[in-house]
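S.K.: Quick one: this structure, given as structure tokens, is what I'll be asking you about.
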Amino acid sequence: MPSPARTPEVGEPLDPLPIGFAALMRPELPSLVKEIRTEVTRAYPVYGRLLDGPDADTIRQGVEQAITAFVDRVAEPDKPSTLRDTLLRRFGRVEAYEGRDLESLQGAFRLGARIALRRAQSVGRQYSLSPTLILAFADALFAYVEELAEVSREGYSEVQARGTSEVTMLRRQLLHLILGAPPLPQPTVTDLCEAAAWPLPAECTLIALRSPAPDSIEADLADDVLTELDAPHPHLLVPGPLTSERLAMLGLALNGTRAVIGLTLPTAQAADSLRWSRRVLQLIDDGIVPDAPVVRCEDHLTTLWLLSDPPLVHQVAARELAPLAGMPASRRERLVETLRVHISTRAPAEQVGDMLGVHAQTVRYRLRGLDARLGDRLTDPDHRFALEAALRSLHLQDDTGTTGS
């Protein structure tokens with residue numbers, strides 16, 4: 001009599017599947033991830049709201065990791081899944097903070113597994129794989145789902161072990177809803193604000209923090225500041241504008257933690273404030289915006305605008321500078337840089353020459369060449385504006401040499 005099937009321990013390698021099966025499944029992953037995301041958000045609308053919120057990228061990454069880590073383990077049974085586990089614990093913490101039990105999350109895991117099995121069966125038919133292999137895949141897949149549930153339960157238990165108060169969890173849920181899209185009906189928000197003892201402000205200021213953010217920050221914050229410190233991209237919501245008192249509070253609480261202060265906007269637009277402040281953090285990492293302990297978004301709005309869509313800027317620049325495309329790269333770069341300084345400063349040739357470190361006569365020679373090639377583009381207001389915006393953006397990226405490519 002055969003022995004009963006044994007459920008693998010968490011973290012135990014899956015029952016052996018042919019390594020070649022991973023190679024067959026890997027090309028399916030991008031469309032499989034998309035299908036699972038669509039079906040899960042249809043079955044569990046609450047996750048659709050989270051995918052429209054400030055942590056959408058992290059959630060998408062977590063879904064991708066949960067799926068690709070399974071295929072990776074088929075190919076390499078001993079491969080660690082550190083990133084996957086970190087993200088899954090985050091899922092569990094979110095469920096706890098949102099006041100839900102784990103049934104919805106575990107149901108989403110099971111639904112994803114059924115969709116993955118359906119896809120594996122399709123691949124099996126395509127490559128004439130044996131039913132025994134597909135059955136082994138199914139066994140391994142549903143054992144893996146139990147592992148996902150167990151890891152996410154660890155994050156859930158962390159929150160419970162802290163003894164987090166109901167008001168704290170309600171406020172965390174409120175922060176997620178404020179930053180989500182589309183906005184919830186006003187009565188829903190009002191009811192939650194009342195339950196969380198948090199008056200809904202007319203406007204607020206979002207602050208993006210450098211990760212990881214120390215837990216000690218919260219001790220020096222005012223009671224009405226909403227926090228998300230353990231997220232991959234931590235942030236704060238401060239009701240109202242940043243008065244001198246609020247700034248002093250933040251200085252004490254942050255205590256050297258790098259931060260970008262977003263714009264003060266109507267609370268319905270809070271997600272925009274956070275999105276822009278996070279973008280400034282990225283521009284600091286890219287070396288475009290100077291680093292400092294605290295940076296204000298309002299000091300870099302033009303940079304944010306000019307770099308909002310770099311591929312589009314390249315298209316605008318290529319179109320406006322098309323008459324220069326056939327020139328040698330070094331000469332084109334000199335002309336483009338001269339044009340940038342001239343068109344942005346409206347300065348005379350002598351001053352432009354000083355800025356570029358060349359003689360004024362050289363500037364005049366280059367401008368005549370530009371005028372001959374660009375013609376009306378330099379006098380037409382629309383073309384001139386497009387040129388100035390594109391050249392400023394490319395200069396911020398230190399990428400003027402690609403405008404003719």
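As shown in the structure tokens, the chain order sets the letters A, B, ...; within each chain, residues go from 1, and ligands are also counted from 1 in the order they appear.
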Leaving out segment 245-247 of chain A and any residue of its chain fewer than 6 positions from it, which residues lie within 10 Å of it when counting only C-alpha atoms, given as a PyMOL selection string?

M.R.: chain A and resi 221-222+238-239+253

S.K.: Near Glu194 of chain A, counting only C-alpha atoms, which residues have an atom at most 12 Å away, once you skip same-chain residues fewer than 5 positions from it, shown as an MDAnalysis selection string?

M.R.: chainID A and resid 167 170:171 174 187:189 199:200

S.K.: Taking the DSSP secondary structure from the backbone, can you list the residues of segment 148-274 of chain A that are helix (DSSP H, G or I), as a JSON list (two decimals) with N, CA, C and O atoms, in the first residue's frame?

M.R.:
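And here is the file that came out, out_4.json:
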[["chain", "number", "residue", "atom", "x", "y", "z"],
["A", 148, "LEU", "N", 3.99, 30.16, 0.74],
["A", 148, "LEU", "CA", 3.73, 31.59, 0.62],
["A", 148, "LEU", "C", 2.85, 32.07, 1.77],
["A", 148, "LEU", "O", 3.09, 33.14, 2.35],
["A", 149, "ALA", "N", 1.83, 31.29, 2.08],
["A", 149, "ALA", "CA", 0.92, 31.66, 3.16],
["A", 149, "ALA", "C", 1.66, 31.73, 4.49],
["A", 149, "ALA", "O", 1.43, 32.64, 5.30],
["A", 150, "GLU", "N", 2.56, 30.78, 4.72],
["A", 150, "GLU", "CA", 3.29, 30.76, 5.98],
["A", 150, "GLU", "C", 4.22, 31.96, 6.13],
["A", 150, "GLU", "O", 4.31, 32.57, 7.20],
["A", 151, "VAL", "N", 4.91, 32.33, 5.04],
["A", 151, "VAL", "CA", 5.81, 33.48, 5.11],
["A", 151, "VAL", "C", 5.02, 34.76, 5.34],
["A", 151, "VAL", "O", 5.41, 35.62, 6.14],
["A", 152, "SER", "N", 3.90, 34.93, 4.65],
["A", 152, "SER", "CA", 3.09, 36.14, 4.85],
["A", 152, "SER", "C", 2.51, 36.17, 6.26],
["A", 152, "SER", "O", 2.36, 37.25, 6.85],
["A", 153, "ARG", "N", 2.23, 34.99, 6.82],
["A", 153, "ARG", "CA", 1.72, 34.94, 8.19],
["A", 153, "ARG", "C", 2.76, 35.47, 9.18],
["A", 153, "ARG", "O", 2.41, 36.02, 10.23],
["A", 154, "GLU", "N", 4.03, 35.31, 8.86],
["A", 154, "GLU", "CA", 5.08, 35.84, 9.75],
["A", 154, "GLU", "C", 4.96, 37.36, 9.86],
["A", 154, "GLU", "O", 5.06, 37.92, 10.96],
["A", 155, "GLY", "N", 4.75, 38.04, 8.72],
["A", 155, "GLY", "CA", 4.59, 39.49, 8.77],
["A", 155, "GLY", "C", 3.33, 39.89, 9.52],
["A", 155, "GLY", "O", 3.32, 40.88, 10.28],
["A", 156, "TYR", "N", 2.27, 39.15, 9.31],
["A", 156, "TYR", "CA", 1.00, 39.41, 10.00],
["A", 156, "TYR", "C", 1.19, 39.30, 11.52],
["A", 156, "TYR", "O", 0.73, 40.15, 12.28],
["A", 157, "SER", "N", 1.91, 38.26, 11.91],
["A", 157, "SER", "CA", 2.12, 38.03, 13.34],
["A", 157, "SER", "C", 3.01, 39.10, 13.96],
["A", 157, "SER", "O", 2.87, 39.42, 15.15],
["A", 158, "GLU", "N", 3.94, 39.66, 13.18],
["A", 158, "GLU", "CA", 4.79, 40.73, 13.69],
["A", 158, "GLU", "C", 3.95, 41.89, 14.18],
["A", 158, "GLU", "O", 4.20, 42.46, 15.26],
["A", 159, "VAL", "N", 2.96, 42.27, 13.39],
["A", 159, "VAL", "CA", 2.10, 43.40, 13.77],
["A", 159, "VAL", "C", 1.29, 43.05, 15.01],
["A", 159, "VAL", "O", 1.18, 43.86, 15.95],
["A", 160, "GLN", "N", 0.75, 41.86, 15.05],
["A", 160, "GLN", "CA", -0.03, 41.45, 16.21],
["A", 160, "GLN", "C", 0.81, 41.40, 17.47],
["A", 160, "GLN", "O", 0.37, 41.77, 18.56],
["A", 161, "ALA", "N", 2.07, 40.95, 17.32],
["A", 161, "ALA", "CA", 2.95, 40.84, 18.48],
["A", 161, "ALA", "C", 3.29, 42.20, 19.06],
["A", 161, "ALA", "O", 3.58, 42.32, 20.26],
["A", 166, "GLU", "N", -5.96, 49.54, 17.86],
["A", 166, "GLU", "CA", -6.96, 49.61, 16.79],
["A", 166, "GLU", "C", -6.90, 50.97, 16.10],
["A", 166, "GLU", "O", -7.02, 51.06, 14.87],
["A", 167, "VAL", "N", -6.70, 52.03, 16.87],
["A", 167, "VAL", "CA", -6.63, 53.37, 16.27],
["A", 167, "VAL", "C", -5.43, 53.47, 15.33],
["A", 167, "VAL", "O", -5.52, 54.03, 14.24],
["A", 168, "THR", "N", -4.29, 52.90, 15.73],
["A", 168, "THR", "CA", -3.11, 52.93, 14.87],
["A", 168, "THR", "C", -3.37, 52.21, 13.55],
["A", 168, "THR", "O", -3.01, 52.69, 12.48],
["A", 169, "MET", "N", -4.03, 51.05, 13.64],
["A", 169, "MET", "CA", -4.33, 50.31, 12.42],
["A", 169, "MET", "C", -5.33, 51.06, 11.55],
["A", 169, "MET", "O", -5.22, 51.07, 10.32],
["A", 170, "LEU", "N", -6.31, 51.69, 12.18],
["A", 170, "LEU", "CA", -7.28, 52.47, 11.41],
["A", 170, "LEU", "C", -6.60, 53.63, 10.70],
["A", 170, "LEU", "O", -6.92, 53.95, 9.55],
["A", 171, "ARG", "N", -5.65, 54.25, 11.37],
["A", 171, "ARG", "CA", -4.96, 55.37, 10.75],
["A", 171, "ARG", "C", -4.06, 54.91, 9.60],
["A", 171, "ARG", "O", -3.93, 55.60, 8.60],
["A", 172, "ARG", "N", -3.45, 53.75, 9.77],
["A", 172, "ARG", "CA", -2.66, 53.21, 8.66],
["A", 172, "ARG", "C", -3.57, 52.90, 7.47],
["A", 172, "ARG", "O", -3.23, 53.19, 6.32],
["A", 173, "GLN", "N", -4.72, 52.33, 7.75],
["A", 173, "GLN", "CA", -5.67, 52.05, 6.68],
["A", 173, "GLN", "C", -6.14, 53.35, 6.03],
["A", 173, "GLN", "O", -6.26, 53.44, 4.80],
["A", 174, "LEU", "N", -6.36, 54.36, 6.83],
["A", 174, "LEU", "CA", -6.79, 55.66, 6.31],
["A", 174, "LEU", "C", -5.73, 56.26, 5.40],
["A", 174, "LEU", "O", -6.04, 56.80, 4.33],
["A", 175, "LEU", "N", -4.47, 56.15, 5.78],
["A", 175, "LEU", "CA", -3.38, 56.65, 4.95],
["A", 175, "LEU", "C", -3.38, 55.94, 3.60],
["A", 175, "LEU", "O", -3.22, 56.57, 2.55],
["A", 176, "HIS", "N", -3.56, 54.62, 3.61],
["A", 176, "HIS", "CA", -3.61, 53.87, 2.35],
["A", 176, "HIS", "C", -4.76, 54.36, 1.48],
["A", 176, "HIS", "O", -4.60, 54.50, 0.26],
["A", 177, "LEU", "N", -5.90, 54.62, 2.09],
["A", 177, "LEU", "CA", -7.07, 55.04, 1.32],
["A", 177, "LEU", "C", -6.89, 56.45, 0.76],
["A", 177, "LEU", "O", -7.29, 56.73, -0.37],
["A", 178, "ILE", "N", -6.30, 57.33, 1.54],
["A", 178, "ILE", "CA", -6.06, 58.70, 1.06],
["A", 178, "ILE", "C", -5.13, 58.69, -0.15],
["A", 178, "ILE", "O", -5.31, 59.45, -1.10],
["A", 179, "LEU", "N", -4.14, 57.80, -0.12],
["A", 179, "LEU", "CA", -3.15, 57.77, -1.19],
["A", 179, "LEU", "C", -3.56, 56.85, -2.34],
["A", 179, "LEU", "O", -2.85, 56.78, -3.35],
["A", 186, "GLN", "N", -16.81, 60.16, -0.20],
["A", 186, "GLN", "CA", -16.56, 60.99, 0.97],
["A", 186, "GLN", "C", -17.16, 60.41, 2.26],
["A", 186, "GLN", "O", -16.49, 60.44, 3.31],
["A", 187, "PRO", "N", -18.38, 59.87, 2.24],
["A", 187, "PRO", "CA", -18.91, 59.29, 3.49],
["A", 187, "PRO", "C", -18.03, 58.18, 4.05],
["A", 187, "PRO", "O", -17.88, 58.06, 5.27],
["A", 188, "THR", "N", -17.44, 57.36, 3.17],
["A", 188, "THR", "CA", -16.56, 56.27, 3.63],
["A", 188, "THR", "C", -15.35, 56.84, 4.34],
["A", 188, "THR", "O", -14.96, 56.37, 5.42],
["A", 189, "VAL", "N", -14.72, 57.86, 3.74],
["A", 189, "VAL", "CA", -13.55, 58.48, 4.35],
["A", 189, "VAL", "C", -13.93, 59.15, 5.67],
["A", 189, "VAL", "O", -13.23, 59.04, 6.68],
["A", 190, "THR", "N", -15.07, 59.84, 5.67],
["A", 190, "THR", "CA", -15.52, 60.54, 6.89],
["A", 190, "THR", "C", -15.74, 59.57, 8.03],
["A", 190, "THR", "O", -15.33, 59.82, 9.17],
["A", 191, "ASP", "N", -16.39, 58.45, 7.72],
["A", 191, "ASP", "CA", -16.64, 57.44, 8.77],
["A", 191, "ASP", "C", -15.33, 56.89, 9.31],
["A", 191, "ASP", "O", -15.18, 56.69, 10.53],
["A", 192, "LEU", "N", -14.38, 56.63, 8.43],
["A", 192, "LEU", "CA", -13.11, 56.08, 8.88],
["A", 192, "LEU", "C", -12.33, 57.10, 9.70],
["A", 192, "LEU", "O", -11.69, 56.75, 10.70],
["A", 193, "CYS", "N", -12.39, 58.36, 9.30],
["A", 193, "CYS", "CA", -11.72, 59.42, 10.07],
["A", 193, "CYS", "C", -12.29, 59.50, 11.48],
["A", 193, "CYS", "O", -11.54, 59.67, 12.46],
["A", 194, "GLU", "N", -13.60, 59.36, 11.58],
["A", 194, "GLU", "CA", -14.22, 59.41, 12.91],
["A", 194, "GLU", "C", -13.78, 58.23, 13.76],
["A", 194, "GLU", "O", -13.44, 58.39, 14.94],
["A", 195, "ALA", "N", -13.73, 57.05, 13.14],
["A", 195, "ALA", "CA", -13.31, 55.86, 13.89],
["A", 195, "ALA", "C", -11.85, 55.94, 14.30],
["A", 195, "ALA", "O", -11.46, 55.44, 15.36],
["A", 215, "ASP", "N", 12.44, 53.31, 13.30],
["A", 215, "ASP", "CA", 11.17, 53.37, 14.05],
["A", 215, "ASP", "C", 11.14, 54.52, 15.05],
["A", 215, "ASP", "O", 10.08, 54.99, 15.43],
["A", 216, "SER", "N", 12.33, 54.98, 15.45],
["A", 216, "SER", "CA", 12.40, 56.05, 16.46],
["A", 216, "SER", "C", 11.80, 57.36, 15.97],
["A", 216, "SER", "O", 11.49, 58.25, 16.77],
["A", 217, "ILE", "N", 11.63, 57.51, 14.67],
["A", 217, "ILE", "CA", 11.06, 58.75, 14.12],
["A", 217, "ILE", "C", 9.69, 59.02, 14.74],
["A", 217, "ILE", "O", 9.36, 60.16, 15.08],
["A", 218, "GLU", "N", 8.90, 57.96, 14.90],
["A", 218, "GLU", "CA", 7.51, 58.14, 15.29],
["A", 218, "GLU", "C", 7.37, 58.77, 16.68],
["A", 218, "GLU", "O", 6.41, 59.51, 16.94],
["A", 219, "ALA", "N", 8.32, 58.53, 17.56],
["A", 219, "ALA", "CA", 8.20, 59.02, 18.94],
["A", 219, "ALA", "C", 8.17, 60.54, 19.01],
["A", 219, "ALA", "O", 7.56, 61.10, 19.93],
["A", 220, "ASP", "N", 8.81, 61.23, 18.07],
["A", 220, "ASP", "CA", 8.88, 62.69, 18.12],
["A", 220, "ASP", "C", 7.92, 63.39, 17.16],
["A", 220, "ASP", "O", 7.98, 64.60, 16.98],
["A", 244, "SER", "N", 6.36, 76.72, 10.99],
["A", 244, "SER", "CA", 7.66, 76.67, 11.66],
["A", 244, "SER", "C", 7.66, 75.62, 12.77],
["A", 244, "SER", "O", 8.66, 74.93, 13.00],
["A", 245, "GLU", "N", 6.52, 75.49, 13.45],
["A", 245, "GLU", "CA", 6.43, 74.49, 14.51],
["A", 245, "GLU", "C", 6.51, 73.07, 13.93],
["A", 245, "GLU", "O", 7.18, 72.19, 14.49],
["A", 246, "ARG", "N", 5.83, 72.87, 12.81],
["A", 246, "ARG", "CA", 5.88, 71.56, 12.17],
["A", 246, "ARG", "C", 7.29, 71.23, 11.68],
["A", 246, "ARG", "O", 7.76, 70.10, 11.80],
["A", 247, "LEU", "N", 7.96, 72.21, 11.12],
["A", 247, "LEU", "CA", 9.33, 72.00, 10.64],
["A", 247, "LEU", "C", 10.27, 71.65, 11.80],
["A", 247, "LEU", "O", 11.14, 70.78, 11.66],
["A", 248, "ALA", "N", 10.08, 72.31, 12.93],
["A", 248, "ALA", "CA", 10.91, 72.01, 14.10],
["A", 248, "ALA", "C", 10.64, 70.57, 14.56],
["A", 248, "ALA", "O", 11.58, 69.83, 14.92],
["A", 249, "MET", "N", 9.38, 70.17, 14.55],
["A", 249, "MET", "CA", 9.02, 68.80, 14.93],
["A", 249, "MET", "C", 9.69, 67.80, 13.99],
["A", 249, "MET", "O", 10.28, 66.80, 14.43],
["A", 250, "LEU", "N", 9.63, 68.07, 12.68],
["A", 250, "LEU", "CA", 10.23, 67.15, 11.71],
["A", 250, "LEU", "C", 11.74, 67.07, 11.89],
["A", 250, "LEU", "O", 12.34, 65.99, 11.79],
["A", 251, "GLY", "N", 12.37, 68.23, 12.13],
["A", 251, "GLY", "CA", 13.81, 68.22, 12.33],
["A", 251, "GLY", "C", 14.22, 67.35, 13.49],
["A", 251, "GLY", "O", 15.21, 66.60, 13.41],
["A", 252, "LEU", "N", 13.45, 67.40, 14.56],
["A", 252, "LEU", "CA", 13.74, 66.58, 15.74],
["A", 252, "LEU", "C", 13.49, 65.10, 15.46],
["A", 252, "LEU", "O", 14.29, 64.24, 15.83],
["A", 253, "ALA", "N", 12.38, 64.82, 14.78],
["A", 253, "ALA", "CA", 12.01, 63.43, 14.53],
["A", 253, "ALA", "C", 12.95, 62.77, 13.52],
["A", 253, "ALA", "O", 13.38, 61.63, 13.71],
["A", 254, "LEU", "N", 13.26, 63.47, 12.45],
["A", 254, "LEU", "CA", 14.07, 62.87, 11.39],
["A", 254, "LEU", "C", 15.51, 62.66, 11.85],
["A", 254, "LEU", "O", 16.14, 61.65, 11.53],
["A", 267, "THR", "N", -6.08, 67.46, 0.20],
["A", 267, "THR", "CA", -5.89, 66.07, 0.62],
["A", 267, "THR", "C", -6.27, 65.08, -0.48],
["A", 267, "THR", "O", -5.67, 64.01, -0.58],
["A", 268, "ALA", "N", -7.21, 65.43, -1.33],
["A", 268, "ALA", "CA", -7.59, 64.55, -2.43],
["A", 268, "ALA", "C", -6.44, 64.35, -3.42],
["A", 268, "ALA", "O", -6.46, 63.40, -4.20],
["A", 269, "GLN", "N", -5.45, 65.25, -3.40],
["A", 269, "GLN", "CA", -4.32, 65.16, -4.31],
["A", 269, "GLN", "C", -3.04, 64.71, -3.59],
["A", 269, "GLN", "O", -1.94, 64.89, -4.09],
["A", 270, "ALA", "N", -3.20, 64.10, -2.43],
["A", 270, "ALA", "CA", -2.04, 63.71, -1.63],
["A", 270, "ALA", "C", -1.12, 62.76, -2.38],
["A", 270, "ALA", "O", 0.11, 62.83, -2.23],
["A", 271, "ALA", "N", -1.68, 61.87, -3.19],
["A", 271, "ALA", "CA", -0.84, 60.91, -3.92],
["A", 271, "ALA", "C", 0.12, 61.62, -4.86],
["A", 271, "ALA", "O", 1.24, 61.14, -5.08],
["A", 272, "ASP", "N", -0.29, 62.76, -5.44],
["A", 272, "ASP", "CA", 0.60, 63.51, -6.32],
["A", 272, "ASP", "C", 1.79, 64.06, -5.53],
["A", 272, "ASP", "O", 2.94, 64.02, -5.99],
["A", 273, "SER", "N", 1.52, 64.57, -4.33],
["A", 273, "SER", "CA", 2.59, 65.11, -3.50],
["A", 273, "SER", "C", 3.62, 64.03, -3.18],
["A", 273, "SER", "O", 4.83, 64.26, -3.26],
["A", 274, "LEU", "N", 3.14, 62.83, -2.85],
["A", 274, "LEU", "CA", 4.06, 61.74, -2.52],
["A", 274, "LEU", "C", 4.81, 61.27, -3.77],
["A", 274, "LEU", "O", 6.01, 61.01, -3.71]]

S.K.: Restricting the calculation to only C-alpha atoms, which member of A:Val295, A:Val358, A:Leu396, A:Ala43 is positioned closest to Arg334 of chain A?

M.R.: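 Comparing A:Val295, A:Val358, A:Leu396, A:Ala43 against Arg334 of chain A, the winner is A:Val358.
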
S.K.: DSSP on the backbone: which residues in segment 5-237 of chain A end up as strand (DSSP E or B)? Give the answer as a list in words.

M.R.: Glu203, Cys204, Thr205, Leu206, Ile207, Ala208, Leu209, Leu226, Thr227, Glu228, His235, Leu236 and Leu237 of chain A

S.K.: Only C-alpha atoms, please: the residues just picked out, written as an mmCIF file, in the first residue's frame.

M.R.:
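Everything below was put into out_2.cif:
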data_model
loop_
_atom_site.group_PDB
_atom_site.id
_atom_site.type_symbol
_atom_site.label_atom_id
_atom_site.label_comp_id
_atom_site.auth_asym_id
_atom_site.auth_seq_id
_atom_site.Cartn_x
_atom_site.Cartn_y
_atom_site.Cartn_z
ATOM 1 C CA GLU A 203 -4.825 69.976 2.672
ATOM 2 C CA CYS A 204 -1.758 68.015 3.661
ATOM 3 C CA THR A 205 1.961 67.629 3.026
ATOM 4 C CA LEU A 206 3.545 64.311 2.108
ATOM 5 C CA ILE A 207 7.158 63.520 2.965
ATOM 6 C CA ALA A 208 9.152 60.743 1.313
ATOM 7 C CA LEU A 209 11.846 59.193 3.509
ATOM 8 C CA LEU A 226 0.152 59.546 9.667
ATOM 9 C CA THR A 227 3.133 57.258 9.121
ATOM 10 C CA GLU A 228 4.222 54.333 6.957
ATOM 11 C CA HIS A 235 6.559 58.219 4.038
ATOM 12 C CA LEU A 236 4.696 60.597 6.325
ATOM 13 C CA LEU A 237 1.501 62.598 5.931
#

S.K.: When you draw a straight line from atom CA of Arg210 of chain A to atom CA of Leu304 of chain A, how long is it in Å?

M.R.: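 Rounded to one decimal, the two atoms are 18.4 Å apart.
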
S.K.: Using only C-alpha atoms, determine which residues lie at most 9 Å from Val341 of chain A, disregarding the query and same-chain residues fewer than 6 positions distant; provide the list as a count of residues only.

M.R.: 4

S.K.: If you count only C-alpha atoms, which residues fall within 12 Å of Tyr365 of chain A, apart from same-chain ones fewer than 3 positions away, as a PDB file with N, CA, C and O atoms, in the first residue's frame?

M.R.:
ATOM      1  N   ARG A 334      28.808  70.630 -29.999  1.00  0.00           N
ATOM      2  CA  ARG A 334      29.193  72.024 -29.739  1.00  0.00           C
ATOM      3  C   ARG A 334      28.065  72.977 -30.113  1.00  0.00           C
ATOM      4  O   ARG A 334      27.770  73.936 -29.384  1.00  0.00           O
ATOM      5  N   LEU A 335      27.433  72.727 -31.263  1.00  0.00           N
ATOM      6  CA  LEU A 335      26.339  73.589 -31.696  1.00  0.00           C
ATOM      7  C   LEU A 335      25.141  73.494 -30.746  1.00  0.00           C
ATOM      8  O   LEU A 335      24.527  74.513 -30.405  1.00  0.00           O
ATOM      9  N   THR A 338      25.909  75.374 -27.539  1.00  0.00           N
ATOM     10  CA  THR A 338      25.842  76.822 -27.786  1.00  0.00           C
ATOM     11  C   THR A 338      24.397  77.268 -27.892  1.00  0.00           C
ATOM     12  O   THR A 338      24.000  78.306 -27.327  1.00  0.00           O
ATOM     13  N   LEU A 339      23.591  76.497 -28.605  1.00  0.00           N
ATOM     14  CA  LEU A 339      22.173  76.835 -28.753  1.00  0.00           C
ATOM     15  C   LEU A 339      21.475  76.816 -27.400  1.00  0.00           C
ATOM     16  O   LEU A 339      20.657  77.696 -27.103  1.00  0.00           O
ATOM     17  N   ALA A 349      26.529  87.525 -27.482  1.00  0.00           N
ATOM     18  CA  ALA A 349      27.558  86.549 -27.841  1.00  0.00           C
ATOM     19  C   ALA A 349      28.722  86.563 -26.867  1.00  0.00           C
ATOM     20  O   ALA A 349      29.283  85.506 -26.537  1.00  0.00           O
ATOM     21  N   GLY A 353      29.859  83.370 -24.832  1.00  0.00           N
ATOM     22  CA  GLY A 353      31.227  82.896 -24.975  1.00  0.00           C
ATOM     23  C   GLY A 353      31.900  82.689 -23.631  1.00  0.00           C
ATOM     24  O   GLY A 353      32.624  81.699 -23.435  1.00  0.00           O
ATOM     25  N   VAL A 358      34.643  80.095 -24.807  1.00  0.00           N
ATOM     26  CA  VAL A 358      35.102  80.282 -26.188  1.00  0.00           C
ATOM     27  C   VAL A 358      35.002  81.766 -26.545  1.00  0.00           C
ATOM     28  O   VAL A 358      34.362  82.553 -25.844  1.00  0.00           O
ATOM     29  N   HIS A 359      35.596  82.144 -27.647  1.00  0.00           N
ATOM     30  CA  HIS A 359      35.575  83.540 -28.087  1.00  0.00           C
ATOM     31  C   HIS A 359      34.186  83.903 -28.593  1.00  0.00           C
ATOM     32  O   HIS A 359      33.471  83.070 -29.157  1.00  0.00           O
ATOM     33  N   ALA A 360      33.815  85.186 -28.430  1.00  0.00           N
ATOM     34  CA  ALA A 360      32.505  85.652 -28.881  1.00  0.00           C
ATOM     35  C   ALA A 360      32.333  85.429 -30.378  1.00  0.00           C
ATOM     36  O   ALA A 360      31.225  85.119 -30.849  1.00  0.00           O
ATOM     37  N   GLN A 361      33.429  85.581 -31.141  1.00  0.00           N
ATOM     38  CA  GLN A 361      33.319  85.389 -32.585  1.00  0.00           C
ATOM     39  C   GLN A 361      32.979  83.931 -32.924  1.00  0.00           C
ATOM     40  O   GLN A 361      32.242  83.658 -33.879  1.00  0.00           O
ATOM     41  N   THR A 362      33.480  83.003 -32.108  1.00  0.00           N
ATOM     42  CA  THR A 362      33.136  81.596 -32.302  1.00  0.00           C
ATOM     43  C   THR A 362      31.650  81.377 -32.056  1.00  0.00           C
ATOM     44  O   THR A 362      30.985  80.628 -32.790  1.00  0.00           O
ATOM     45  N   ARG A 368      25.291  81.585 -36.528  1.00  0.00           N
ATOM     46  CA  ARG A 368      24.964  81.738 -37.952  1.00  0.00           C
ATOM     47  C   ARG A 368      24.725  80.367 -38.582  1.00  0.00           C
ATOM     48  O   ARG A 368      23.805  80.182 -39.381  1.00  0.00           O
ATOM     49  N   GLY A 369      25.564  79.401 -38.215  1.00  0.00           N
ATOM     50  CA  GLY A 369      25.368  78.053 -38.735  1.00  0.00           C
ATOM     51  C   GLY A 369      24.051  77.446 -38.276  1.00  0.00           C
ATOM     52  O   GLY A 369      23.342  76.785 -39.049  1.00  0.00           O
ATOM     53  N   LEU A 370      23.703  77.694 -37.006  1.00  0.00           N
ATOM     54  CA  LEU A 370      22.431  77.204 -36.493  1.00  0.00           C
ATOM     55  C   LEU A 370      21.256  77.868 -37.198  1.00  0.00           C
ATOM     56  O   LEU A 370      20.261  77.205 -37.544  1.00  0.00           O
ATOM     57  N   ASP A 371      21.367  79.168 -37.405  1.00  0.00           N
ATOM     58  CA  ASP A 371      20.297  79.893 -38.080  1.00  0.00           C
ATOM     59  C   ASP A 371      20.095  79.367 -39.494  1.00  0.00           C
ATOM     60  O   ASP A 371      18.958  79.208 -39.966  1.00  0.00           O
ATOM     61  N   ALA A 372      21.201  79.059 -40.164  1.00  0.00           N
ATOM     62  CA  ALA A 372      21.102  78.555 -41.532  1.00  0.00           C
ATOM     63  C   ALA A 372      20.433  77.185 -41.574  1.00  0.00           C
ATOM     64  O   ALA A 372      19.689  76.874 -42.522  1.00  0.00           O
TER      65      ALA A 372
END

S.K.: Find the spatial neighbours of Glu95 of chain A, counting only C-alpha atoms, within a cut-off of 8 Å - ignore same-chain residues fewer than 6 positions away - and output them as a list in words.

M.R.: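 Answer for this query is Asp101, Leu102, Leu105 and Tyr156 of chain A.
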
S.K.: Could you check which of A:Ile343, A:Leu50, A:Gly92, A:Met327 is closest to Pro381 of chain A, using only C-alpha atoms?

M.R.: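 Selected residue with least distance to Pro381 of chain A: A:Ile343.
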
S.K.: For Glu320 of chain A, which residue out of A:Val336, A:Asp382, A:Leu387, A:Thr257 is the nearest one, using only C-alpha atoms?

M.R.: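 Checking each candidate against Glu320 of chain A, we get A:Leu387 as the closest.
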
S.K.: What's the separation between atom CA of Val280 of chain A and atom CA of His300 of chain A, in Å to one decimal place?

M.R.: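 Value for the atom CA of Val280 of chain A-atom CA of His300 of chain A distance: 7.8 Å.
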
S.K.: Can you pull out the residues contacting Pro310 of chain A? Cut-off 10 Å, using only C-alpha atoms, and skip same-chain residues under 4 positions away; I want them as a compact mmCIF listing (two decimals) with C-alpha atoms, in the first residue's frame.

M.R.:
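Saved as selection.txt:
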# COMPACT_ATOMS: atom_id res chain seq x y z
CA LEU A 306 11.49 68.54 -17.60
CA HIS A 314 14.51 62.74 -26.68
CA GLN A 315 11.83 62.51 -29.34
CA VAL A 316 11.10 66.25 -29.12
CA ALA A 390 14.14 69.78 -24.59
CA SER A 393 16.04 68.57 -19.96
CA LEU A 394 18.89 66.95 -21.88
CA GLN A 397 20.58 64.48 -17.86

S.K.: Return as a Markdown table the residues of segment 135-235 of chain A lying at most 12 Å from segment 124-129 of chain A, together with the closest atom-to-atom pair for each and the distance in Å to one decimal, counting only C-alpha atoms, with rows in chain order and ascending residue number.

M.R.:
| residue | atom | partner | partner_atom | distance |
| --- | --- | --- | --- | --- |
| A:Leu135 | CA | A:Gly124 | CA | 10.7 |
| A:Ala136 | CA | A:Leu129 | CA | 11.6 |
| A:Phe137 | CA | A:Gly124 | CA | 10.5 |
